[in-house]
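Peer 1: Contents are JSON, C-alpha atoms; file name start_1.json:
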[["chain", "number", "residue", "atom", "x", "y", "z"],
["A", 1, "MET", "CA", 3.64, 2.75, 14.48],
["A", 2, "LEU", "CA", 6.96, 3.48, 12.81],
["A", 3, "GLY", "CA", 7.11, -0.18, 11.81],
["A", 4, "CYS", "CA", 3.92, 0.23, 9.78],
["A", 5, "LEU", "CA", 5.22, 3.15, 7.73],
["A", 6, "VAL", "CA", 8.69, 1.69, 7.22],
["A", 7, "GLY", "CA", 7.18, -1.72, 6.48],
["A", 8, "GLN", "CA", 5.25, -0.11, 3.61],
["A", 9, "ALA", "CA", 8.43, 1.26, 1.96],
["A", 10, "VAL", "CA", 10.49, -1.89, 2.57],
["A", 11, "GLY", "CA", 7.73, -4.08, 1.13],
["A", 12, "ASP", "CA", 7.49, -1.83, -1.91],
["A", 13, "ALA", "CA", 11.25, -1.66, -2.55],
["A", 14, "LEU", "CA", 11.82, -5.40, -2.10],
["A", 15, "GLY", "CA", 8.62, -6.30, -3.92],
["A", 16, "LEU", "CA", 9.92, -4.57, -7.03],
["A", 17, "GLY", "CA", 12.12, -7.64, -7.46],
["A", 18, "ALA", "CA", 9.12, -9.80, -8.39],
["A", 19, "GLU", "CA", 6.77, -7.23, -9.91],
["A", 20, "PHE", "CA", 5.05, -8.54, -13.05],
["A", 21, "LEU", "CA", 6.64, -11.98, -12.66],
["A", 22, "SER", "CA", 4.70, -15.22, -12.45],
["A", 23, "LYS", "CA", 5.13, -17.24, -9.29],
["A", 24, "GLU", "CA", 7.09, -19.79, -11.32],
["A", 25, "LYS", "CA", 9.39, -17.14, -12.78],
["A", 26, "ALA", "CA", 9.94, -15.53, -9.38],
["A", 27, "ALA", "CA", 10.99, -18.91, -7.99],
["A", 28, "SER", "CA", 13.45, -19.39, -10.85],
["A", 29, "TYR", "CA", 15.01, -15.94, -10.33],
["A", 30, "TYR", "CA", 15.13, -16.28, -6.55],
["A", 31, "PRO", "CA", 15.60, -19.99, -5.80],
["A", 32, "ASN", "CA", 16.99, -19.17, -2.36],
["A", 33, "GLY", "CA", 14.40, -16.51, -1.61],
["A", 34, "LEU", "CA", 14.52, -12.71, -1.78],
["A", 35, "GLN", "CA", 15.89, -11.07, 1.36],
["A", 36, "ASP", "CA", 18.00, -8.17, 0.12],
["A", 37, "TYR", "CA", 17.70, -5.43, -2.47],
["A", 38, "SER", "CA", 21.02, -6.48, -3.99],
["A", 39, "GLN", "CA", 19.43, -9.74, -5.15],
["A", 40, "ILE", "CA", 16.89, -7.99, -7.37],
["A", 41, "ILE", "CA", 17.38, -8.99, -11.00],
["A", 42, "GLN", "CA", 18.55, -6.19, -13.27],
["A", 43, "ASP", "CA", 16.32, -6.58, -16.30],
["A", 44, "GLY", "CA", 15.18, -3.77, -18.58],
["A", 45, "TYR", "CA", 12.34, -2.79, -16.25],
["A", 46, "ARG", "CA", 14.07, -2.96, -12.86],
["A", 47, "LEU", "CA", 17.13, -1.08, -14.11],
["A", 48, "ASN", "CA", 15.00, 2.05, -13.79],
["A", 49, "TRP", "CA", 15.40, 1.91, -10.00],
["A", 50, "GLU", "CA", 18.39, 2.01, -7.67],
["A", 51, "GLN", "CA", 18.90, -0.75, -5.10],
["A", 52, "GLY", "CA", 16.46, -0.20, -2.25],
["A", 53, "GLU", "CA", 14.45, 2.45, -4.08],
["A", 54, "TYR", "CA", 10.69, 2.34, -3.63],
["A", 55, "THR", "CA", 8.12, 2.97, -6.36],
["A", 56, "ASP", "CA", 4.93, 4.98, -6.85],
["A", 57, "ASP", "CA", 3.19, 3.12, -4.01],
["A", 58, "THR", "CA", 5.36, 4.78, -1.38],
["A", 59, "GLU", "CA", 5.91, 7.99, -3.35],
["A", 60, "MET", "CA", 2.19, 8.69, -3.05],
["A", 61, "ALA", "CA", 2.23, 7.80, 0.66],
["A", 62, "VAL", "CA", 5.03, 10.37, 1.01],
["A", 63, "CYS", "CA", 2.74, 12.96, -0.63],
["A", 64, "ILE", "CA", 0.15, 12.30, 2.08],
["A", 65, "MET", "CA", 2.65, 12.57, 4.92],
["A", 66, "GLN", "CA", 4.22, 15.75, 3.53],
["A", 67, "SER", "CA", 0.81, 17.37, 3.13],
["A", 68, "VAL", "CA", -0.29, 16.59, 6.69],
["A", 69, "ILE", "CA", 3.01, 17.86, 8.07],
["A", 70, "GLU", "CA", 2.82, 21.10, 6.07],
["A", 71, "CYS", "CA", -0.85, 21.77, 6.82],
["A", 72, "GLY", "CA", -0.85, 20.47, 10.40],
["A", 73, "LYS", "CA", -3.93, 18.46, 9.52],
["A", 74, "PRO", "CA", -5.32, 16.27, 6.72],
["A", 75, "ASP", "CA", -6.44, 18.65, 3.98],
["A", 76, "VAL", "CA", -7.79, 16.60, 1.08],
["A", 77, "LYS", "CA", -7.48, 19.48, -1.38],
["A", 78, "ASN", "CA", -3.82, 19.87, -0.49],
["A", 79, "ILE", "CA", -3.25, 16.12, -0.69],
["A", 80, "ALA", "CA", -4.84, 16.20, -4.15],
["A", 81, "PHE", "CA", -2.42, 18.98, -5.10],
["A", 82, "LYS", "CA", 0.51, 16.92, -3.83],
["A", 83, "PHE", "CA", -0.64, 13.97, -5.97],
["A", 84, "TRP", "CA", -0.99, 16.23, -9.01],
["A", 85, "GLU", "CA", 2.41, 17.81, -8.43],
["A", 86, "TRP", "CA", 4.01, 14.37, -8.03],
["A", 87, "PHE", "CA", 2.55, 13.19, -11.33],
["A", 88, "LYS", "CA", 3.54, 16.41, -13.09],
["A", 89, "ASN", "CA", 7.15, 15.53, -12.28],
["A", 90, "GLN", "CA", 6.86, 12.39, -14.43],
["A", 91, "PRO", "CA", 7.17, 9.42, -12.08],
["A", 92, "ARG", "CA", 8.53, 6.23, -13.59],
["A", 93, "ASP", "CA", 5.64, 4.07, -12.42],
["A", 94, "TYR", "CA", 1.91, 4.68, -11.95],
["A", 95, "GLY", "CA", -1.42, 2.98, -12.43],
["A", 96, "ARG", "CA", -3.88, 3.66, -15.23],
["A", 97, "THR", "CA", -6.60, 4.98, -12.91],
["A", 98, "THR", "CA", -4.14, 7.31, -11.18],
["A", 99, "ARG", "CA", -2.91, 8.63, -14.53],
["A", 100, "LYS", "CA", -6.38, 9.16, -16.00],
["A", 101, "VAL", "CA", -7.61, 11.04, -12.95],
["A", 102, "LEU", "CA", -4.53, 13.17, -12.27],
["A", 103, "THR", "CA", -4.17, 14.25, -15.89],
["A", 104, "ASN", "CA", -7.75, 15.47, -16.17],
["A", 105, "HIS", "CA", -7.67, 19.26, -16.63],
["A", 106, "ASN", "CA", -10.37, 19.71, -13.97],
["A", 107, "TYR", "CA", -8.60, 17.66, -11.30],
["A", 108, "LEU", "CA", -7.39, 20.48, -9.07],
["A", 109, "LYS", "CA", -10.73, 22.26, -9.36],
["A", 110, "ASP", "CA", -12.79, 19.26, -8.23],
["A", 111, "PRO", "CA", -10.79, 16.05, -7.65],
["A", 112, "PHE", "CA", -13.76, 14.14, -6.27],
["A", 113, "LYS", "CA", -15.90, 14.79, -9.34],
["A", 114, "VAL", "CA", -13.08, 13.83, -11.69],
["A", 115, "SER", "CA", -12.50, 10.64, -9.75],
["A", 116, "GLU", "CA", -16.20, 9.76, -9.67],
["A", 117, "ASP", "CA", -16.60, 10.50, -13.38],
["A", 118, "TYR", "CA", -13.71, 8.22, -14.27],
["A", 119, "PHE", "CA", -15.15, 5.44, -12.12],
["A", 120, "ASN", "CA", -18.53, 5.77, -13.85],
["A", 121, "LEU", "CA", -16.75, 5.52, -17.19],
["A", 122, "SER", "CA", -14.34, 2.68, -16.38],
["A", 123, "ASN", "CA", -15.63, 0.85, -13.28],
["A", 124, "SER", "CA", -11.97, 0.59, -12.29],
["A", 125, "ALA", "CA", -11.23, -1.25, -9.03],
["A", 126, "ALA", "CA", -7.46, -0.93, -9.05],
["A", 127, "ASN", "CA", -5.20, -1.08, -5.99],
["A", 128, "GLY", "CA", -3.70, 2.42, -6.41],
["A", 129, "ALA", "CA", -5.41, 3.93, -3.36],
["A", 130, "LEU", "CA", -4.83, 0.98, -1.07],
["A", 131, "MET", "CA", -1.11, 0.94, -1.89],
["A", 132, "ARG", "CA", -0.59, 4.38, -0.29],
["A", 133, "ASN", "CA", -2.90, 3.86, 2.67],
["A", 134, "ALA", "CA", -0.43, 3.18, 5.51],
["A", 135, "PRO", "CA", -0.15, 6.80, 6.78],
["A", 136, "VAL", "CA", -3.91, 7.25, 6.44],
["A", 137, "ALA", "CA", -4.50, 4.46, 8.98],
["A", 138, "PHE", "CA", -3.32, 6.74, 11.81],
["A", 139, "LEU", "CA", -5.98, 9.36, 11.04],
["A", 140, "PRO", "CA", -9.72, 9.31, 11.82],
["A", 141, "LEU", "CA", -11.35, 6.59, 9.73],
["A", 142, "SER", "CA", -13.30, 8.99, 7.52],
["A", 143, "TYR", "CA", -10.05, 9.99, 5.84],
["A", 144, "ALA", "CA", -9.54, 6.48, 4.53],
["A", 145, "LYS", "CA", -12.65, 7.04, 2.43],
["A", 146, "ASP", "CA", -11.91, 10.63, 1.42],
["A", 147, "ILE", "CA", -8.24, 10.14, 0.49],
["A", 148, "CYS", "CA", -9.06, 6.96, -1.42],
["A", 149, "ARG", "CA", -11.68, 8.83, -3.43],
["A", 150, "LEU", "CA", -9.20, 11.47, -4.56],
["A", 151, "THR", "CA", -8.29, 8.99, -7.31],
["A", 152, "HIS", "CA", -10.26, 5.75, -6.77],
["A", 153, "TRP", "CA", -14.01, 6.20, -6.37],
["A", 154, "ASN", "CA", -15.04, 2.56, -6.60],
["A", 155, "PRO", "CA", -16.72, 1.36, -3.36],
["A", 156, "LEU", "CA", -14.50, -1.73, -3.52],
["A", 157, "CYS", "CA", -11.45, 0.54, -3.27],
["A", 158, "VAL", "CA", -13.02, 2.51, -0.44],
["A", 159, "ASP", "CA", -13.86, -0.65, 1.51],
["A", 160, "SER", "CA", -10.31, -1.91, 0.94],
["A", 161, "CYS", "CA", -8.80, 1.25, 2.45],
["A", 162, "ILE", "CA", -11.20, 1.28, 5.39],
["A", 163, "ILE", "CA", -10.58, -2.37, 6.27],
["A", 164, "HIS", "CA", -6.82, -2.00, 5.81],
["A", 165, "SER", "CA", -6.91, 0.98, 8.18],
["A", 166, "LEU", "CA", -8.94, -0.96, 10.75],
["A", 167, "MET", "CA", -6.46, -3.83, 10.60],
["A", 168, "ILE", "CA", -3.53, -1.49, 11.26],
["A", 169, "LYS", "CA", -5.37, 0.30, 14.05],
["A", 170, "SER", "CA", -6.16, -2.99, 15.78],
["A", 171, "LEU", "CA", -2.57, -4.22, 15.52],
["A", 172, "ILE", "CA", -1.17, -1.03, 17.00],
["A", 173, "LYS", "CA", -3.58, -1.42, 19.90],
["A", 174, "ARG", "CA", -2.57, -5.10, 20.14],
["A", 175, "GLU", "CA", -6.17, -6.14, 19.63],
["A", 176, "TYR", "CA", -6.17, -9.14, 17.31],
["A", 177, "LEU", "CA", -9.64, -9.34, 15.86],
["A", 178, "PRO", "CA", -11.35, -12.36, 14.29],
["A", 179, "ILE", "CA", -11.86, -12.30, 10.54],
["A", 180, "GLU", "CA", -15.62, -11.96, 10.99],
["A", 181, "ASP", "CA", -15.11, -8.51, 12.54],
["A", 182, "PHE", "CA", -13.57, -7.28, 9.29],
["A", 183, "ILE", "CA", -16.14, -9.09, 7.16],
["A", 184, "ASP", "CA", -18.88, -7.30, 9.11],
["A", 185, "GLU", "CA", -17.40, -3.93, 8.08],
["A", 186, "THR", "CA", -18.64, -4.34, 4.51],
["A", 187, "GLU", "CA", -21.94, -5.10, 2.85],
["A", 188, "ASN", "CA", -20.29, -6.04, -0.44],
["A", 189, "GLU", "CA", -20.21, -9.79, -1.03],
["A", 190, "GLU", "CA", -17.19, -9.55, -3.32],
["A", 191, "VAL", "CA", -15.17, -7.93, -0.54],
["A", 192, "LYS", "CA", -16.25, -10.69, 1.84],
["A", 193, "VAL", "CA", -15.13, -13.34, -0.64],
["A", 194, "TYR", "CA", -11.62, -11.92, -0.85],
["A", 195, "LEU", "CA", -11.34, -11.41, 2.89],
["A", 196, "ARG", "CA", -12.09, -15.10, 3.30],
["A", 197, "ARG", "CA", -9.64, -16.05, 0.55],
["A", 198, "GLY", "CA", -6.85, -14.09, 2.19],
["A", 199, "TYR", "CA", -7.71, -15.71, 5.50],
["A", 200, "HIS", "CA", -7.58, -19.13, 3.88],
["A", 201, "SER", "CA", -4.32, -18.96, 1.92],
["A", 202, "LEU", "CA", -2.10, -16.86, -0.32],
["A", 203, "GLU", "CA", -2.49, -19.39, -3.12],
["A", 204, "SER", "CA", -6.25, -18.88, -3.25],
["A", 205, "LEU", "CA", -5.67, -15.22, -4.22],
["A", 206, "GLU", "CA", -3.88, -16.19, -7.49],
["A", 207, "LEU", "CA", -1.77, -13.06, -7.25],
["A", 208, "ASP", "CA", 0.18, -13.65, -10.45],
["A", 209, "ASP", "CA", -2.86, -13.90, -12.70],
["A", 210, "ARG", "CA", -2.07, -11.20, -15.26],
["A", 211, "ALA", "CA", -5.66, -10.19, -15.92],
["A", 212, "THR", "CA", -6.44, -9.43, -12.27],
["A", 213, "SER", "CA", -3.09, -8.81, -10.56],
["A", 214, "GLY", "CA", -3.86, -5.12, -9.90],
["A", 215, "TYR", "CA", -7.29, -5.75, -8.35],
["A", 216, "THR", "CA", -7.75, -3.95, -5.05],
["A", 217, "LEU", "CA", -9.36, -6.94, -3.33],
["A", 218, "LYS", "CA", -6.46, -9.23, -4.19],
["A", 219, "ALA", "CA", -4.10, -6.73, -2.60],
["A", 220, "LEU", "CA", -6.36, -6.51, 0.44],
["A", 221, "GLY", "CA", -6.27, -10.30, 0.64],
["A", 222, "THR", "CA", -2.49, -10.23, 1.07],
["A", 223, "ALA", "CA", -2.91, -7.91, 4.06],
["A", 224, "VAL", "CA", -5.42, -10.34, 5.57],
["A", 225, "TRP", "CA", -3.00, -13.22, 5.15],
["A", 226, "ALA", "CA", -0.22, -11.15, 6.73],
["A", 227, "TYR", "CA", -2.48, -10.24, 9.66],
["A", 228, "TYR", "CA", -3.36, -13.83, 10.53],
["A", 229, "HIS", "CA", -0.71, -16.17, 9.16],
["A", 230, "ALA", "CA", 2.73, -14.57, 8.89],
["A", 231, "GLU", "CA", 5.19, -15.97, 11.43],
["A", 232, "ASP", "CA", 7.46, -12.91, 11.32],
["A", 233, "PHE", "CA", 8.07, -9.84, 9.18],
["A", 234, "LYS", "CA", 10.82, -11.30, 7.03],
["A", 235, "SER", "CA", 9.24, -14.60, 6.03],
["A", 236, "GLY", "CA", 5.76, -13.10, 5.76],
["A", 237, "LEU", "CA", 6.87, -10.41, 3.34],
["A", 238, "GLU", "CA", 8.99, -12.81, 1.31],
["A", 239, "SER", "CA", 6.10, -15.26, 0.95],
["A", 240, "ILE", "CA", 3.83, -12.55, -0.44],
["A", 241, "ILE", "CA", 6.41, -11.10, -2.81],
["A", 242, "LEU", "CA", 7.35, -14.48, -4.28],
["A", 243, "GLU", "CA", 3.74, -15.05, -5.30],
["A", 244, "GLY", "CA", 4.56, -12.60, -8.12],
["A", 245, "GLY", "CA", 2.04, -10.38, -9.88],
["A", 246, "ASP", "CA", 1.83, -6.81, -8.59],
["A", 247, "ALA", "CA", 4.45, -7.71, -6.01],
["A", 248, "ASP", "CA", 5.65, -4.23, -5.08],
["A", 249, "THR", "CA", 2.11, -3.09, -4.31],
["A", 250, "ASN", "CA", 1.25, -6.27, -2.44],
["A", 251, "GLY", "CA", 4.53, -5.88, -0.57],
["A", 252, "ALA", "CA", 3.70, -2.29, 0.37],
["A", 253, "ILE", "CA", 0.17, -3.08, 1.54],
["A", 254, "ALA", "CA", 1.07, -6.22, 3.45],
["A", 255, "GLY", "CA", 4.37, -4.71, 4.61],
["A", 256, "ALA", "CA", 2.45, -2.00, 6.45],
["A", 257, "VAL", "CA", 0.39, -4.65, 8.22],
["A", 258, "LEU", "CA", 3.45, -6.75, 9.01],
["A", 259, "GLY", "CA", 5.26, -3.70, 10.36],
["A", 260, "ALA", "CA", 2.29, -2.82, 12.57],
["A", 261, "ARG", "CA", 2.04, -6.42, 13.76],
["A", 262, "PHE", "CA", 5.69, -7.19, 14.50],
["A", 263, "GLY", "CA", 7.11, -3.70, 15.04],
["A", 264, "TYR", "CA", 9.95, -1.62, 13.67],
["A", 265, "GLU", "CA", 12.67, -3.71, 15.34],
["A", 266, "ALA", "CA", 11.42, -6.84, 13.56],
["A", 267, "ILE", "CA", 12.13, -5.38, 10.11],
["A", 268, "PRO", "CA", 15.51, -6.75, 8.97],
["A", 269, "GLU", "CA", 18.26, -4.20, 9.48],
["A", 270, "ASN", "CA", 19.59, -4.55, 5.94],
["A", 271, "LEU", "CA", 16.21, -3.60, 4.53],
["A", 272, "LYS", "CA", 15.91, -0.51, 6.73],
["A", 273, "LYS", "CA", 19.49, 0.65, 6.41],
["A", 274, "ASN", "CA", 19.67, 0.23, 2.66],
["A", 275, "LEU", "CA", 16.48, 2.02, 1.70],
["A", 276, "PHE", "CA", 17.62, 4.28, -1.12],
["A", 277, "ASP", "CA", 15.74, 7.26, 0.31],
["A", 278, "GLU", "CA", 17.85, 8.05, 3.36],
["A", 279, "GLY", "CA", 15.33, 10.63, 4.58],
["A", 280, "TYR", "CA", 12.29, 8.36, 4.48],
["A", 281, "ILE", "CA", 12.48, 7.07, 8.05],
["A", 282, "SER", "CA", 13.02, 10.61, 9.36],
["A", 283, "LEU", "CA", 9.94, 11.74, 7.40],
["A", 284, "CYS", "CA", 7.91, 8.94, 8.99],
["A", 285, "GLU", "CA", 9.07, 10.00, 12.46],
["A", 286, "GLU", "CA", 8.16, 13.61, 11.70],
["A", 287, "TYR", "CA", 4.74, 12.53, 10.44],
["A", 288, "LEU", "CA", 4.00, 10.52, 13.58],
["A", 289, "LYS", "CA", 5.12, 13.44, 15.74],
["A", 290, "CYS", "CA", 2.81, 15.74, 13.76],
["A", 291, "VAL", "CA", -0.28, 13.56, 14.10],
["A", 292, "LYS", "CA", 0.32, 13.20, 17.85],
["A", 293, "GLN", "CA", 0.99, 16.88, 18.52],
["A", 294, "ASN", "CA", -2.04, 17.98, 16.51],
["A", 295, "ASN", "CA", -4.34, 15.41, 18.13],
["A", 296, "LEU", "CA", -4.90, 13.70, 14.80],
["A", 297, "LEU", "CA", -3.89, 10.24, 15.97],
["A", 298, "SER", "CA", -6.91, 7.97, 15.90],
["A", 299, "ILE", "CA", -6.06, 4.44, 16.95]]
Show the structure stored in the file as structure tokens.

Peer 2:
Amino acid sequence: MLGCLVGQAVGDALGLGAEFLSKEKAASYYPNGLQDYSQIIQDGYRLNWEQGEYTDDTEMAVCIMQSVIECGKPDVKNIAFKFWEWFKNQPRDYGRTTRKVLTNHNYLKDPFKVSEDYFNLSNSAANGALMRNAPVAFLPLSYAKDICRLTHWNPLCVDSCIIHSLMIKSLIKREYLPIEDFIDETENEEVKVYLRRGYHSLESLELDDRATSGYTLKALGTAVWAYYHAEDFKSGLESIILEGGDADTNGAIAGAVLGARFGYEAIPENLKKNLFDEGYISLCEEYLKCVKQNNLLSI
């Protein structure tokens, strides 16, 4: 279980190295692959982060873990407050949907209504809920829907979080399910298409297409590929990141699956040891202890 949560942060921090790059550009920057934070190019964008520092993907997952620890249970209103408080402190990176929802003056009063209203206005299907989903996967499945909807109301986003949670749950139980089991969890044909694409190949997802790189179903597709095709944590994560596009988010989402599949010990030591946030792994351990002690663990 620890591997899932640490895999999220490692995938995020390493994925920053190829965020917003095309697959071709990522290959030119990292001709020998990307295996260490010290390799990350220091351009004008990436200079905003320290080596091994994760981005908004994991920062929002931290909000969820901190809330559950403080409340002793998942309290969606408190999680919403944690999200709002995080954004108020001016993070360096965030998605448009997250920003629009969290800056609405009615958000703390009724986060679900604000989220639903923005969806009705924009039809946004961004990956900003799926990116923070790793800690939610340990909770009863209904929370995948509720916590997603705190910012991302679109049913495609909700299905993404539910299926991602089910994948992680199955891996922790060491029950490797056929792709049709996940396809049967949704009635949406678009979700089914992307589940099949991820099952087929990474290339079929076209992750570096600028117009669609932040699409929740593309990100979900990377998790599917990681579930079925990765040979180990290191090469699986590297393959996904070097596809470019929204590489930190894809790394976080797939990294959680890879960590659940291969375990904490399979995550390269340099990537664990050199996470910029020295307290992150301890927070993950505290979170897992909390969900077990409070009978919240639902695997």

Peer 1: Quick one, how far is CA of Glu180 (chain A) from CA of Trp225 (chain A)?

Peer 2: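 So the two atoms, CA of Glu180 (chain A) and CA of Trp225 (chain A), lie 14.0 Å apart.
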
Peer 1: To box region 219-225 of chain A, take all atoms listed in the file, fit an axis-aligned box, add 6 Å on each side, and give centre and edge lengths in Å to one decimal, as JSON.

Peer 2:
{"center_x": -4.4, "center_y": -9.9, "center_z": 1.5, "size_x": 15.9, "size_y": 18.7, "size_z": 20.2}

Peer 1: To one decimal place in Å, what is the distance between CA of Thr103 (chain A) and CA of Phe83 (chain A)?

Peer 2: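 Rounded to one decimal, the two atoms are 10.5 Å apart.
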
Peer 1: In Å, with one decimal, what is the gap from CA of Asp181 (chain A) to CA of Phe119 (chain A)?

Peer 2: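 Distance reported for this atom pair: 28.3 Å.
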
Peer 1: Hey, what's within 12 Å of Glu59 (chain A) if we count only C-alpha atoms and toss same-chain stuff fewer than 5 positions away? As number ranges by chain, please?

Peer 2: A: 8-9, 12-13, 53-54, 64-66, 82-83, 85-87, 89-94, 128, 131-135, 249, 252, 277, 280

Peer 1: Could you give me, as a count of residues only, the residues that have an atom at most 12 Å away from the point (-5.7, -14.8, 1.4) in the coordinates of the file, using all atoms listed in the file?

Peer 2: 37

Peer 1: Using all atoms listed in the file, which of A:Asn32, A:Glu24, A:Val136, A:Ser213 sits nearest Asp75 (chain A)?

Peer 2: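 Of all the options, A:Val136 lies closest to Asp75 (chain A).
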
Peer 1: For Asn120 (chain A), which of A:Phe81, A:Val257, A:Pro155, A:Gln35 is the closest residue, counting all atoms listed in the file?

Peer 2: A:Pro155

Peer 1: Of the residues A:Tyr30, A:Trp153, A:Phe20, A:Tyr264, which is the one nearest to Ala125 (chain A), using only C-alpha atoms?

Peer 2: A:Trp153

Peer 1: With a distance cut-off of 12 Å and all atoms listed in the file, select the neighbouring residues of Asp117 (chain A), excluding the residue or stretch itself and same-chain residues fewer than 4 positions from it, and output the selection as a JSON list (two decimals) with C-alpha atoms, keeping the file's coordinate frame.

Peer 2:
[["chain", "number", "residue", "atom", "x", "y", "z"],
["A", 97, "THR", "CA", -6.60, 4.98, -12.91],
["A", 100, "LYS", "CA", -6.38, 9.16, -16.00],
["A", 101, "VAL", "CA", -7.61, 11.04, -12.95],
["A", 104, "ASN", "CA", -7.75, 15.47, -16.17],
["A", 106, "ASN", "CA", -10.37, 19.71, -13.97],
["A", 107, "TYR", "CA", -8.60, 17.66, -11.30],
["A", 110, "ASP", "CA", -12.79, 19.26, -8.23],
["A", 111, "PRO", "CA", -10.79, 16.05, -7.65],
["A", 112, "PHE", "CA", -13.76, 14.14, -6.27],
["A", 113, "LYS", "CA", -15.90, 14.79, -9.34],
["A", 121, "LEU", "CA", -16.75, 5.52, -17.19],
["A", 122, "SER", "CA", -14.34, 2.68, -16.38],
["A", 123, "ASN", "CA", -15.63, 0.85, -13.28],
["A", 124, "SER", "CA", -11.97, 0.59, -12.29],
["A", 149, "ARG", "CA", -11.68, 8.83, -3.43],
["A", 150, "LEU", "CA", -9.20, 11.47, -4.56],
["A", 151, "THR", "CA", -8.29, 8.99, -7.31],
["A", 152, "HIS", "CA", -10.26, 5.75, -6.77],
["A", 153, "TRP", "CA", -14.01, 6.20, -6.37],
["A", 154, "ASN", "CA", -15.04, 2.56, -6.60]]

Peer 1: Find the residue from A:Val291, A:Leu34, A:Met167, A:Ile79 that sits nearest to Lys234 (chain A); use only C-alpha atoms when measuring.

Peer 2: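 Checking each of A:Val291, A:Leu34, A:Met167, A:Ile79 against Lys234 (chain A), counting only C-alpha atoms, the winner is A:Leu34.
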
Peer 1: Tell me, as a count of residues only, which residues lie within 12 Å of Leu139 (chain A), counting all atoms listed in the file; anything in the same chain fewer than 2 positions away does not count.

Peer 2: 34

Peer 1: I'd like to know which of A:Glu187, A:Glu269, A:Asp248, A:Glu278 is closest to Asn127 (chain A), using all atoms listed in the file.

Peer 2: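 Distance minimum relative to Asn127 (chain A) lands on A:Asp248.
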
Peer 1: Choose the residue, out of A:Thr58, A:Ile69, A:Gly214, A:Ile183, that has the smallest atom-to-atom separation from Val6 (chain A); count only C-alpha atoms.

Peer 2: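 Of A:Thr58, A:Ile69, A:Gly214, A:Ile183, the one nearest Val6 (chain A) is A:Thr58, counting only C-alpha atoms.
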
Peer 1: Please identify all polymer residues lying at most 6 Å from the point (8.4, -8.1, -5.0) (file coordinates), using only C-alpha atoms, and present the result as a list of chain:residue names.

Peer 2: A:Leu14, A:Gly15, A:Leu16, A:Gly17, A:Ala18, A:Glu19, A:Ile241, A:Ala247, A:Asp248
